[in-house]
Every structure is written in structure tokens, then in C-alpha cells.
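S.K.: Got model.cif for you, mmCIF, C-alpha atoms; chains and numbers go by the auth columns:
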```
data_structure
loop_
_atom_site.group_PDB
_atom_site.id
_atom_site.type_symbol
_atom_site.label_atom_id
_atom_site.label_comp_id
_atom_site.label_asym_id
_atom_site.label_seq_id
_atom_site.Cartn_x
_atom_site.Cartn_y
_atom_site.Cartn_z
_atom_site.B_iso_or_equiv
_atom_site.auth_seq_id
_atom_site.auth_asym_id
ATOM 1 C CA MET A 1 -61.649 122.646 31.616 0.00 1 A
ATOM 2 C CA SER A 2 -59.728 120.114 29.570 0.00 2 A
ATOM 3 C CA LYS A 3 -61.170 116.724 28.753 0.00 3 A
ATOM 4 C CA PRO A 4 -59.802 113.892 30.943 0.00 4 A
ATOM 5 C CA ARG A 5 -57.373 111.701 29.059 0.00 5 A
ATOM 6 C CA ASN A 6 -57.724 107.956 28.812 0.00 6 A
ATOM 7 C CA PHE A 7 -54.379 106.286 29.465 0.00 7 A
ATOM 8 C CA THR A 8 -55.678 102.711 29.634 0.00 8 A
ATOM 9 C CA ALA A 9 -53.996 101.497 26.426 0.00 9 A
ATOM 10 C CA LEU A 10 -50.710 103.207 27.313 0.00 10 A
ATOM 11 C CA ILE A 11 -50.804 101.719 30.822 0.00 11 A
ATOM 12 C CA ALA A 12 -51.495 98.246 29.407 0.00 12 A
ATOM 13 C CA VAL A 13 -48.640 98.474 26.894 0.00 13 A
ATOM 14 C CA PHE A 14 -46.203 99.875 29.473 0.00 14 A
ATOM 15 C CA SER A 15 -47.165 97.208 32.038 0.00 15 A
ATOM 16 C CA ILE A 16 -46.750 94.360 29.548 0.00 16 A
ATOM 17 C CA ILE A 17 -43.389 95.668 28.342 0.00 17 A
ATOM 18 C CA LEU A 18 -42.083 96.244 31.880 0.00 18 A
ATOM 19 C CA ILE A 19 -43.166 92.822 33.100 0.00 19 A
ATOM 20 C CA GLY A 20 -41.784 91.239 29.915 0.00 20 A
ATOM 21 C CA VAL A 21 -38.407 92.924 30.339 0.00 21 A
ATOM 22 C CA ILE A 22 -38.157 91.849 33.971 0.00 22 A
ATOM 23 C CA ALA A 23 -39.171 88.272 33.107 0.00 23 A
ATOM 24 C CA ALA A 24 -36.646 88.199 30.243 0.00 24 A
ATOM 25 C CA LEU A 25 -33.846 89.116 32.656 0.00 25 A
ATOM 26 C CA PHE A 26 -34.055 85.672 34.193 0.00 26 A
ATOM 27 C CA PHE A 27 -33.520 83.945 30.829 0.00 27 A
ATOM 28 C CA MET A 28 -30.937 86.256 29.273 0.00 28 A
ATOM 29 C CA PRO A 29 -27.230 85.504 29.495 0.00 29 A
ATOM 30 C CA LYS A 30 -25.623 87.554 32.239 0.00 30 A
ATOM 31 C CA TYR A 31 -23.359 90.490 31.507 0.00 31 A
ATOM 32 C CA GLU A 32 -19.756 89.311 31.262 0.00 32 A
ATOM 33 C CA GLY A 33 -17.917 92.641 31.548 0.00 33 A
ATOM 34 C CA THR A 34 -16.925 94.752 34.514 0.00 34 A
ATOM 35 C CA VAL A 35 -18.955 97.644 35.851 0.00 35 A
ATOM 36 C CA GLY A 36 -16.502 99.380 38.159 0.00 36 A
ATOM 37 C CA PHE A 37 -18.469 98.967 41.384 0.00 37 A
ATOM 38 C CA ASP A 38 -19.689 96.244 43.713 0.00 38 A
ATOM 39 C CA VAL A 39 -23.133 95.294 42.383 0.00 39 A
ATOM 40 C CA THR A 40 -24.030 93.564 45.656 0.00 40 A
ATOM 41 C CA VAL A 41 -24.874 97.035 46.984 0.00 41 A
ATOM 42 C CA LEU A 42 -27.881 97.166 44.639 0.00 42 A
ATOM 43 C CA PRO A 43 -30.135 94.798 46.631 0.00 43 A
ATOM 44 C CA LEU A 44 -29.580 96.962 49.720 0.00 44 A
ATOM 45 C CA LEU A 45 -30.432 99.998 47.631 0.00 45 A
ATOM 46 C CA ASN A 46 -33.587 98.208 46.454 0.00 46 A
ATOM 47 C CA ALA A 47 -34.606 97.588 50.063 0.00 47 A
ATOM 48 C CA ILE A 48 -33.988 101.246 50.904 0.00 48 A
ATOM 49 C CA PHE A 49 -36.125 102.359 47.955 0.00 49 A
ATOM 50 C CA ASN A 50 -38.857 99.979 49.134 0.00 50 A
ATOM 51 C CA CYS A 51 -38.655 101.451 52.652 0.00 51 A
ATOM 52 C CA PHE A 52 -39.081 104.945 51.267 0.00 52 A
ATOM 53 C CA THR A 53 -41.970 103.820 49.053 0.00 53 A
ATOM 54 C CA PHE A 54 -43.686 102.258 52.065 0.00 54 A
ATOM 55 C CA ALA A 55 -43.199 105.413 54.163 0.00 55 A
ATOM 56 C CA PHE A 56 -44.399 107.697 51.349 0.00 56 A
ATOM 57 C CA LEU A 57 -47.498 105.557 50.850 0.00 57 A
ATOM 58 C CA LEU A 58 -48.302 105.668 54.570 0.00 58 A
ATOM 59 C CA LEU A 59 -47.874 109.446 54.569 0.00 59 A
ATOM 60 C CA SER A 60 -50.042 109.654 51.456 0.00 60 A
ATOM 61 C CA LEU A 61 -52.738 107.641 53.209 0.00 61 A
ATOM 62 C CA TYR A 62 -52.476 109.831 56.313 0.00 62 A
ATOM 63 C CA PHE A 63 -52.867 113.028 54.297 0.00 63 A
ATOM 64 C CA VAL A 64 -55.809 111.797 52.242 0.00 64 A
ATOM 65 C CA LYS A 65 -57.569 110.861 55.496 0.00 65 A
ATOM 66 C CA LYS A 66 -56.880 114.442 56.682 0.00 66 A
ATOM 67 C CA LYS A 67 -58.291 115.704 53.341 0.00 67 A
ATOM 68 C CA ASN A 68 -54.978 117.309 52.427 0.00 68 A
ATOM 69 C CA ILE A 69 -55.134 116.304 48.774 0.00 69 A
ATOM 70 C CA ALA A 70 -52.030 118.257 47.721 0.00 70 A
ATOM 71 C CA ALA A 71 -49.839 116.457 50.283 0.00 71 A
ATOM 72 C CA HIS A 72 -51.513 113.143 49.395 0.00 72 A
ATOM 73 C CA ARG A 73 -50.708 113.668 45.711 0.00 73 A
ATOM 74 C CA ASN A 74 -47.109 114.706 46.464 0.00 74 A
ATOM 75 C CA PHE A 75 -46.416 111.630 48.586 0.00 75 A
ATOM 76 C CA VAL A 76 -47.950 109.331 45.967 0.00 76 A
ATOM 77 C CA LEU A 77 -45.666 110.944 43.403 0.00 77 A
ATOM 78 C CA LEU A 78 -42.681 110.425 45.712 0.00 78 A
ATOM 79 C CA ALA A 79 -43.717 106.766 46.044 0.00 79 A
ATOM 80 C CA PHE A 80 -43.714 106.548 42.241 0.00 80 A
ATOM 81 C CA VAL A 81 -40.232 108.084 42.123 0.00 81 A
ATOM 82 C CA THR A 82 -38.786 105.638 44.650 0.00 82 A
ATOM 83 C CA THR A 83 -40.562 102.756 42.922 0.00 83 A
ATOM 84 C CA ALA A 84 -39.077 103.835 39.577 0.00 84 A
ATOM 85 C CA LEU A 85 -35.614 104.073 41.159 0.00 85 A
ATOM 86 C CA PHE A 86 -36.150 100.619 42.622 0.00 86 A
ATOM 87 C CA LEU A 87 -37.057 99.262 39.180 0.00 87 A
ATOM 88 C CA VAL A 88 -33.933 100.737 37.580 0.00 88 A
ATOM 89 C CA SER A 89 -31.722 99.316 40.326 0.00 89 A
ATOM 90 C CA TYR A 90 -33.519 95.954 40.238 0.00 90 A
ATOM 91 C CA VAL A 91 -33.139 95.610 36.465 0.00 91 A
ATOM 92 C CA MET A 92 -29.457 96.599 36.664 0.00 92 A
ATOM 93 C CA TYR A 93 -28.746 94.044 39.376 0.00 93 A
ATOM 94 C CA HIS A 94 -30.535 91.190 37.639 0.00 94 A
ATOM 95 C CA PHE A 95 -28.908 92.050 34.309 0.00 95 A
ATOM 96 C CA LEU A 96 -25.445 92.035 35.863 0.00 96 A
ATOM 97 C CA THR A 97 -25.634 88.996 38.167 0.00 97 A
ATOM 98 C CA GLU A 98 -26.815 85.439 38.526 0.00 98 A
ATOM 99 C CA PRO A 99 -29.832 84.836 40.787 0.00 99 A
ATOM 100 C CA THR A 100 -28.962 84.414 44.455 0.00 100 A
ATOM 101 C CA LYS A 101 -29.813 81.030 45.969 0.00 101 A
ATOM 102 C CA PHE A 102 -31.476 80.930 49.371 0.00 102 A
ATOM 103 C CA GLY A 103 -29.238 79.125 51.865 0.00 103 A
ATOM 104 C CA GLY A 104 -31.293 79.021 55.050 0.00 104 A
ATOM 105 C CA SER A 105 -33.112 76.214 56.799 0.00 105 A
ATOM 106 C CA LEU A 106 -35.925 74.377 55.021 0.00 106 A
ATOM 107 C CA TRP A 107 -38.752 75.941 57.049 0.00 107 A
ATOM 108 C CA LEU A 108 -37.285 79.430 56.550 0.00 108 A
ATOM 109 C CA LYS A 109 -36.922 78.683 52.844 0.00 109 A
ATOM 110 C CA TYR A 110 -40.673 77.989 52.678 0.00 110 A
ATOM 111 C CA VAL A 111 -41.376 81.297 54.427 0.00 111 A
ATOM 112 C CA TYR A 112 -39.013 83.052 52.012 0.00 112 A
ATOM 113 C CA LEU A 113 -40.612 81.423 48.967 0.00 113 A
ATOM 114 C CA PHE A 114 -44.130 82.316 50.161 0.00 114 A
ATOM 115 C CA VAL A 115 -43.128 85.936 50.736 0.00 115 A
ATOM 116 C CA LEU A 116 -41.216 86.085 47.436 0.00 116 A
ATOM 117 C CA ILE A 117 -43.980 84.521 45.334 0.00 117 A
ATOM 118 C CA THR A 118 -46.737 86.697 46.808 0.00 118 A
ATOM 119 C CA HIS A 119 -44.480 89.737 46.485 0.00 119 A
ATOM 120 C CA VAL A 120 -43.766 89.066 42.793 0.00 120 A
ATOM 121 C CA LEU A 121 -47.351 88.210 41.847 0.00 121 A
ATOM 122 C CA LEU A 122 -48.776 91.253 43.604 0.00 122 A
ATOM 123 C CA ALA A 123 -46.037 93.494 42.158 0.00 123 A
ATOM 124 C CA ILE A 124 -47.144 92.396 38.682 0.00 124 A
ATOM 125 C CA VAL A 125 -50.747 93.260 39.522 0.00 125 A
ATOM 126 C CA ASN A 126 -49.736 96.498 41.219 0.00 126 A
ATOM 127 C CA VAL A 127 -47.993 98.049 38.202 0.00 127 A
ATOM 128 C CA PRO A 128 -51.136 98.686 36.131 0.00 128 A
ATOM 129 C CA MET A 129 -53.301 99.247 39.208 0.00 129 A
ATOM 130 C CA ALA A 130 -51.048 102.020 40.550 0.00 130 A
ATOM 131 C CA LEU A 131 -50.875 103.685 37.140 0.00 131 A
ATOM 132 C CA ILE A 132 -54.652 103.514 36.680 0.00 132 A
ATOM 133 C CA THR A 133 -55.217 104.809 40.201 0.00 133 A
ATOM 134 C CA VAL A 134 -52.931 107.811 39.759 0.00 134 A
ATOM 135 C CA THR A 135 -54.308 108.727 36.321 0.00 135 A
ATOM 136 C CA ARG A 136 -57.860 108.628 37.666 0.00 136 A
ATOM 137 C CA GLY A 137 -56.776 110.922 40.490 0.00 137 A
ATOM 138 C CA PHE A 138 -55.091 113.372 38.113 0.00 138 A
ATOM 139 C CA ASN A 139 -58.145 113.307 35.852 0.00 139 A
ATOM 140 C CA MET A 140 -60.273 114.142 38.910 0.00 140 A
ATOM 141 C CA LYS A 141 -62.334 110.962 38.525 0.00 141 A
ATOM 142 C CA ILE A 142 -62.569 110.886 42.295 0.00 142 A
ATOM 143 C CA GLU A 143 -65.113 108.091 42.782 0.00 143 A
ATOM 144 C CA SER A 144 -63.399 105.674 40.397 0.00 144 A
ATOM 145 C CA HIS A 145 -60.035 106.733 41.867 0.00 145 A
ATOM 146 C CA ARG A 146 -61.255 105.859 45.373 0.00 146 A
ATOM 147 C CA LYS A 147 -62.688 102.519 44.258 0.00 147 A
ATOM 148 C CA ILE A 148 -59.429 101.259 42.793 0.00 148 A
ATOM 149 C CA ALA A 149 -57.246 102.988 45.419 0.00 149 A
ATOM 150 C CA ARG A 150 -58.937 100.866 48.095 0.00 150 A
ATOM 151 C CA TRP A 151 -57.280 97.877 46.424 0.00 151 A
ATOM 152 C CA THR A 152 -54.122 99.518 45.113 0.00 152 A
ATOM 153 C CA MET A 153 -52.959 101.026 48.403 0.00 153 A
ATOM 154 C CA PRO A 154 -52.878 97.805 50.463 0.00 154 A
ATOM 155 C CA ILE A 155 -51.340 95.855 47.585 0.00 155 A
ATOM 156 C CA TRP A 156 -48.646 98.494 47.042 0.00 156 A
ATOM 157 C CA LEU A 157 -47.966 98.636 50.792 0.00 157 A
ATOM 158 C CA TYR A 158 -47.654 94.840 50.847 0.00 158 A
ATOM 159 C CA VAL A 159 -45.337 94.811 47.832 0.00 159 A
ATOM 160 C CA SER A 160 -43.051 97.516 49.217 0.00 160 A
ATOM 161 C CA SER A 161 -42.902 95.982 52.713 0.00 161 A
ATOM 162 C CA THR A 162 -42.327 92.445 51.467 0.00 162 A
ATOM 163 C CA GLY A 163 -39.610 93.778 49.156 0.00 163 A
ATOM 164 C CA VAL A 164 -37.710 94.712 52.310 0.00 164 A
ATOM 165 C CA LEU A 165 -38.522 91.360 53.916 0.00 165 A
ATOM 166 C CA VAL A 166 -37.292 89.478 50.828 0.00 166 A
ATOM 167 C CA TYR A 167 -34.036 91.424 51.055 0.00 167 A
ATOM 168 C CA LEU A 168 -33.622 90.669 54.760 0.00 168 A
ATOM 169 C CA LEU A 169 -34.250 86.955 54.170 0.00 169 A
ATOM 170 C CA ILE A 170 -31.877 86.598 51.179 0.00 170 A
ATOM 171 C CA SER A 171 -29.177 89.138 52.111 0.00 171 A
ATOM 172 C CA PRO A 172 -26.964 86.690 54.047 0.00 172 A
ATOM 173 C CA TYR A 173 -26.474 84.725 50.810 0.00 173 A
ATOM 174 C CA TYR A 174 -25.274 87.459 48.446 0.00 174 A
#
```
Would you write out, as C-alpha cells, the structure that this file holds?
M.R.:
Amino acid sequence: MSKPRNFTALIAVFSIILIGVIAALFFMPKYEGTVGFDVTVLPLLNAIFNCFTFAFLLLSLYFVKKKNIAAHRNFVLLAFVTTALFLVSYVMYHFLTEPTKFGGSLWLKYVYLFVLITHVLLAIVNVPMALITVTRGFNMKIESHRKIARWTMPIWLYVSSTGVLVYLLISPYY
């Protein structure tokens, strides 16, 4: 049996770089050229990816409760795929466009800002947590995997569901 690998340093570096790149997008000058397609489709695509992530995570949770570890693992991996696709689309959109301003009523703006802020903060936390959780599972460190998964799963579910909610709240203003 091979020795379990420790990916902690790699996860930390990747998480810092990813979060740094996303944060930098908001301070970089926007792309001035043309891309050949309507970039306003990307936020809808992001919401769709978040819907799939949410569904895959629920299915993953269902299968782990049924002790079907292979299906659990496969749905977690699918959630990672749709999350990665979301990240690519998200970075593309924010590189190519100016931020969208919320145009709704004041009380709805406060709801939007609460959802957006909690979504962003928990997404930042979720990146390393999800990576640590999955590597512990692959390394068959079941007890430590379960301990962190109890936190990772609800946070990831919240992040993916509020990603859709953020889209629904801001979409009239694209």
C-alpha cells in the first residue's frame, strides 16, 4: 500500500493564488478588445454550473449516507468539475467586463449584499476546505475526512446555492 500524500502546502499555495487572481480581477483594467460572443451569457452559465454543483453535492451526500462510497466519490468529483468550470467562466466574465451594479430597491439591495458577502467569504473558505476534504478521502483518512466534511459539505452547498441566488438577484441589471 502506498504512503498517503500530504497536499497541505500545495492546497495552501493553490488557494492563495486562486483567491489572489480573483481579487486582482476587480482592480485590473478591463479587456478592451472584442471576444466574438455576448459575454452576458457567462453569468447565466455560472448559475447553471452552481446548480449542477449543488445537485452533485446533494447526490454525493445521499450516496455516502447509503454507504455507496464509489458513487459518493464520483459525485464529489463531478461537483469539482462543475466548480472548476464555474471558476473559468467567472474569471473570464470578470476579466472581460465591468462589475454590474445592483439596481433594485434599497431593502432588496441589503438582502443582495448580505447574500453576496456571505457567499464570497464562504467561497474563499471553501476552496481549501474542499481540497483538504477530498485529499483526505482519497488518502483513506476516513475519520479526518469525515470531521472536515461535516463543515465542508454545508458550506459548499451554501456557496453553490447562493451563487444561483446572487445571479437571480443581479441578472435584471446585466
S.K.: For the file shown, what are the residues hit by the PyMOL selection byres ((chain A and resi 131) around 10), laid out as a PyMOL selection string?
M.R.: chain A and resi 7-8+10-12+14-15+80+126-130+132-137+152
S.K.: Report as a compact mmCIF listing (two decimals) with C-alpha atoms, keeping the file's coordinate frame the residues that result from applying the PyMOL selection byres ((chain A and resi 21) around 12) to the structure here.
M.R.:
```
# COMPACT_ATOMS: atom_id res chain seq x y z
CA PHE A 14 -46.20 99.88 29.47
CA SER A 15 -47.16 97.21 32.04
CA ILE A 16 -46.75 94.36 29.55
CA ILE A 17 -43.39 95.67 28.34
CA LEU A 18 -42.08 96.24 31.88
CA ILE A 19 -43.17 92.82 33.10
CA GLY A 20 -41.78 91.24 29.92
CA ILE A 22 -38.16 91.85 33.97
CA ALA A 23 -39.17 88.27 33.11
CA ALA A 24 -36.65 88.20 30.24
CA LEU A 25 -33.85 89.12 32.66
CA PHE A 26 -34.06 85.67 34.19
CA PHE A 27 -33.52 83.94 30.83
CA MET A 28 -30.94 86.26 29.27
CA LEU A 87 -37.06 99.26 39.18
CA VAL A 88 -33.93 100.74 37.58
CA TYR A 90 -33.52 95.95 40.24
CA VAL A 91 -33.14 95.61 36.47
CA MET A 92 -29.46 96.60 36.66
CA HIS A 94 -30.54 91.19 37.64
CA PHE A 95 -28.91 92.05 34.31
```
S.K.: Applying the PyMOL selection byres ((chain A and resi 59) around 10) to the file I just gave you, which residues come out? Please list them as a ChimeraX atom specification.
M.R.: /A:53-58,60-65,71-72,74-76,79
S.K.: Separation of atom CA of Leu168 of chain A and atom CA of Tyr93 of chain A, in Å?
M.R.: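 Going from atom CA of Leu168 of chain A over to atom CA of Tyr93 of chain A, I get 16.5 Å.
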S.K.: When you look at Lys101 of chain A with a cut-off of 10 Å (counting only C-alpha atoms), what residues show up, excluding the ones that are within fewer than 3 positions of it in the same chain? I need them as a PDB file with C-alpha atoms, keeping the file's coordinate frame.
M.R.:
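As a result, selection17.pdb now contains:
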```
ATOM      1  CA  GLU A  98     -26.815  85.439  38.526  1.00  0.00           C
ATOM      2  CA  GLY A 104     -31.293  79.021  55.050  1.00  0.00           C
ATOM      3  CA  ILE A 170     -31.877  86.598  51.179  1.00  0.00           C
ATOM      4  CA  TYR A 173     -26.474  84.725  50.810  1.00  0.00           C
ATOM      5  CA  TYR A 174     -25.274  87.459  48.446  1.00  0.00           C
TER       6      TYR A 174
END
```
S.K.: Any idea what the distance is between atom CA of Tyr158 of chain A and atom CA of His119 of chain A?
M.R.: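 Separation of atom CA of Tyr158 of chain A and atom CA of His119 of chain A: 7.4 Å.
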